[in-house]
Amino acid sequence: MELVMLLPHGGAGGVRPAAVATAKRSYVMRRCCSTVRAIMARPQEAPAPAPAKKTETAAMMTTVQTETAAAPAMVYRDNWFDKLAIGYLSRNLQEASGLKNEKDGYESLIDAALAISRIFSLDKQSEIVTQALERALPSYILTMIKVMMPPSRFSREYFAAFTTIFFPWLVGPCEVMESEVEGRKEKNVVYIPKCRFLESTNCVGMCTNLCKIPCQKFIQDSLGMKVYMSPNFEDMSCEMIFGQQPPEDDPALKQPCFRTKCVAKQNHGVNCSI
């Protein structure tokens, strides 16, 4: 709306100075508020915040900031489905580990993962996550999917598309990409530009032991689909390649944790050795 539309007109007397001043203040205030709202709605354009204090909640906020200086804060606005799925997985994880927490939302999920990583051995951590996934999905559904969707181009592409639609609440926004399978192009890869779980903890060990290893095992054993999860610890991206067997000499398993950026170790005493 133009400023002139805000000015009252007074017949022959023209516009009164007091009215002009009031209208200008109102117009400026509305423009400022609109700009602030626009900036808040575009987190990628927000200026980099000052270095945050190392508080316990820094790693578990729904608005997550990594310790990578060049990376902007990532804002997640979970809808009702996201909150339902997050709460359901968090409860199953707490039941499998026997460790309860009173947190809400993604903070509750991260707190449950931190507790497991802090207390249990590396092998036990992966075992607990696998048990939680088995609790979350009824065995008859898993068996039905495994029987009805044997490994094929269709099933690989189906799993990739399904992941991008129903799991951004867990890993963040993602998209389907192509790869070559037996000389043919297939849309069997899920590309995650910045993994929400990895970003929340900045911990290589938690990514590997609580996500990569148990998810690869669960998807292959329960759904009959080989999958290779290849995280990039430089930019926190990840690729899920359906139909590909994880290599025995997996480079992710040799990656040391971040010395200065591991929120899990610094704030929660997590042993993030892999």
# chains A, B, ... in the order shown; residues from 1 in each chain; ligands from 1

call {"tool": "residues_around", "arguments": {"residues": "Val176 of chain A", "least_positions_apart": "3", "cutoff": "12 Å", "atoms": "only C-alpha atoms", "output": "PyMOL selection string"}}
result
chain A and resi 156-165+173+179+186-193+239-242

call {"tool": "residues_around", "arguments": {"residues": "Asp111 of chain A", "least_positions_apart": "4", "cutoff": "9 Å", "atoms": "only C-alpha atoms", "output": "list in words"}}
result
Met60, Ser90, Asn101, Lys103, Tyr106, Glu107, Ala115 and Ile116 of chain A

call {"tool": "write_last_selection", "arguments": {"atoms": "all heavy atoms", "output": "PDB file, in the first residue's frame"}}
result
ATOM      1  N   MET A  60      19.981 -29.328  21.251  1.00  0.00           N
ATOM      2  CA  MET A  60      18.704 -30.021  21.170  1.00  0.00           C
ATOM      3  C   MET A  60      17.546 -29.108  20.812  1.00  0.00           C
ATOM      4  O   MET A  60      16.403 -29.521  20.838  1.00  0.00           O
ATOM      5  CB  MET A  60      18.416 -30.700  22.513  1.00  0.00           C
ATOM      6  CG  MET A  60      19.500 -31.691  22.930  1.00  0.00           C
ATOM      7  SD  MET A  60      19.098 -32.524  24.460  1.00  0.00           S
ATOM      8  CE  MET A  60      19.092 -31.155  25.604  1.00  0.00           C
ATOM      9  N   SER A  90      10.660 -41.381  19.543  1.00  0.00           N
ATOM     10  CA  SER A  90      11.322 -41.073  20.812  1.00  0.00           C
ATOM     11  C   SER A  90      10.850 -42.010  21.919  1.00  0.00           C
ATOM     12  O   SER A  90      11.649 -42.541  22.697  1.00  0.00           O
ATOM     13  CB  SER A  90      11.063 -39.620  21.207  1.00  0.00           C
ATOM     14  OG  SER A  90      11.659 -39.329  22.453  1.00  0.00           O
ATOM     15  N   ASN A 101      12.842 -39.617  29.492  1.00  0.00           N
ATOM     16  CA  ASN A 101      13.072 -38.180  29.642  1.00  0.00           C
ATOM     17  C   ASN A 101      11.743 -37.454  29.494  1.00  0.00           C
ATOM     18  O   ASN A 101      10.770 -38.014  28.987  1.00  0.00           O
ATOM     19  CB  ASN A 101      14.111 -37.669  28.629  1.00  0.00           C
ATOM     20  CG  ASN A 101      13.607 -37.659  27.190  1.00  0.00           C
ATOM     21  OD1 ASN A 101      12.697 -36.914  26.839  1.00  0.00           O
ATOM     22  ND2 ASN A 101      14.214 -38.509  26.344  1.00  0.00           N
ATOM     23  N   LYS A 103      11.342 -34.458  27.935  1.00  0.00           N
ATOM     24  CA  LYS A 103      11.425 -33.438  26.905  1.00  0.00           C
ATOM     25  C   LYS A 103      10.306 -33.628  25.871  1.00  0.00           C
ATOM     26  O   LYS A 103       9.632 -34.653  25.848  1.00  0.00           O
ATOM     27  CB  LYS A 103      12.785 -33.507  26.214  1.00  0.00           C
ATOM     28  CG  LYS A 103      13.984 -33.390  27.163  1.00  0.00           C
ATOM     29  CD  LYS A 103      14.065 -32.016  27.784  1.00  0.00           C
ATOM     30  CE  LYS A 103      15.225 -31.931  28.772  1.00  0.00           C
ATOM     31  NZ  LYS A 103      16.524 -32.178  28.141  1.00  0.00           N
ATOM     32  N   TYR A 106      11.606 -32.822  18.921  1.00  0.00           N
ATOM     33  CA  TYR A 106      12.894 -33.367  18.492  1.00  0.00           C
ATOM     34  C   TYR A 106      13.909 -33.343  19.630  1.00  0.00           C
ATOM     35  O   TYR A 106      14.833 -34.158  19.667  1.00  0.00           O
ATOM     36  CB  TYR A 106      13.419 -32.561  17.303  1.00  0.00           C
ATOM     37  CG  TYR A 106      14.338 -33.352  16.404  1.00  0.00           C
ATOM     38  CD1 TYR A 106      13.827 -34.261  15.485  1.00  0.00           C
ATOM     39  CD2 TYR A 106      15.720 -33.201  16.472  1.00  0.00           C
ATOM     40  CE1 TYR A 106      14.663 -34.999  14.660  1.00  0.00           C
ATOM     41  CE2 TYR A 106      16.564 -33.930  15.651  1.00  0.00           C
ATOM     42  CZ  TYR A 106      16.030 -34.829  14.753  1.00  0.00           C
ATOM     43  OH  TYR A 106      16.866 -35.569  13.937  1.00  0.00           O
ATOM     44  N   GLU A 107      13.727 -32.431  20.553  1.00  0.00           N
ATOM     45  CA  GLU A 107      14.592 -32.352  21.732  1.00  0.00           C
ATOM     46  C   GLU A 107      14.527 -33.651  22.529  1.00  0.00           C
ATOM     47  O   GLU A 107      15.531 -34.134  23.050  1.00  0.00           O
ATOM     48  CB  GLU A 107      14.172 -31.168  22.607  1.00  0.00           C
ATOM     49  CG  GLU A 107      15.047 -30.947  23.827  1.00  0.00           C
ATOM     50  CD  GLU A 107      14.595 -29.756  24.643  1.00  0.00           C
ATOM     51  OE1 GLU A 107      13.676 -29.031  24.198  1.00  0.00           O
ATOM     52  OE2 GLU A 107      15.144 -29.563  25.734  1.00  0.00           O
ATOM     53  N   ALA A 115      21.417 -40.050  25.847  1.00  0.00           N
ATOM     54  CA  ALA A 115      21.466 -40.926  27.016  1.00  0.00           C
ATOM     55  C   ALA A 115      22.009 -42.305  26.639  1.00  0.00           C
ATOM     56  O   ALA A 115      22.832 -42.884  27.360  1.00  0.00           O
ATOM     57  CB  ALA A 115      20.078 -41.050  27.633  1.00  0.00           C
ATOM     58  N   ILE A 116      21.560 -42.833  25.511  1.00  0.00           N
ATOM     59  CA  ILE A 116      22.043 -44.142  25.049  1.00  0.00           C
ATOM     60  C   ILE A 116      23.538 -44.078  24.737  1.00  0.00           C
ATOM     61  O   ILE A 116      24.313 -44.966  25.117  1.00  0.00           O
ATOM     62  CB  ILE A 116      21.262 -44.585  23.801  1.00  0.00           C
ATOM     63  CG1 ILE A 116      19.801 -44.866  24.170  1.00  0.00           C
ATOM     64  CG2 ILE A 116      21.891 -45.817  23.168  1.00  0.00           C
ATOM     65  CD1 ILE A 116      18.898 -45.071  22.976  1.00  0.00           C
TER      66      ILE A 116
END

call {"tool": "atom_distance", "arguments": {"atom1": "atom CA of Leu210 of chain A", "atom2": "atom CA of Leu137 of chain A"}}
result
17.5 Å

call {"tool": "select_by_dssp", "arguments": {"residues": "segment 50-194 of chain A", "states": "helix (DSSP H, G or I)", "output": "number ranges by chain"}}
result
A: 80-97, 105-119, 122-136, 139-148, 153-166, 168-171

call {"tool": "atom_distance", "arguments": {"atom1": "atom CA of Ala85 of chain A", "atom2": "atom CA of Arg118 of chain A"}}
result
24.1 Å

call {"tool": "residues_around", "arguments": {"residues": "Ser108 of chain A", "least_positions_apart": "3", "cutoff": "10 Å", "atoms": "only C-alpha atoms", "output": "count of residues only"}}
result
18

call {"tool": "atom_distance", "arguments": {"atom1": "atom CA of Ser97 of chain A", "atom2": "atom CA of Cys195 of chain A"}}
result
23.5 Å

call {"tool": "residues_around", "arguments": {"residues": "Glu134 of chain A", "least_positions_apart": "5", "cutoff": "12 Å", "atoms": "only C-alpha atoms", "output": "PyMOL selection string"}}
result
chain A and resi 89+92-93+95-96+127-129+139-143+214-215+217-219+221-223

call {"tool": "select_by_dssp", "arguments": {"residues": "segment 73-232 of chain A", "states": "strand (DSSP E)", "output": "ChimeraX atom specification"}}
result
/A:175-181,184-192,227-232

call {"tool": "closest_residue", "arguments": {"among": "A:Tyr88, A:Glu182, A:Glu175, A:Trp169", "to": "Phe197 of chain A", "atoms": "only C-alpha atoms"}}
result
A:Trp169

call {"tool": "residues_around", "arguments": {"residues": "Lys194 of chain A", "least_positions_apart": "3", "cutoff": "9 Å", "atoms": "only C-alpha atoms", "output": "list of chain:residue names"}}
result
A:Met74, A:Val171, A:Gly172, A:Pro173, A:Cys174, A:Phe197, A:Leu198, A:Glu199, A:Asp235, A:Met236, A:Ser237, A:Cys238
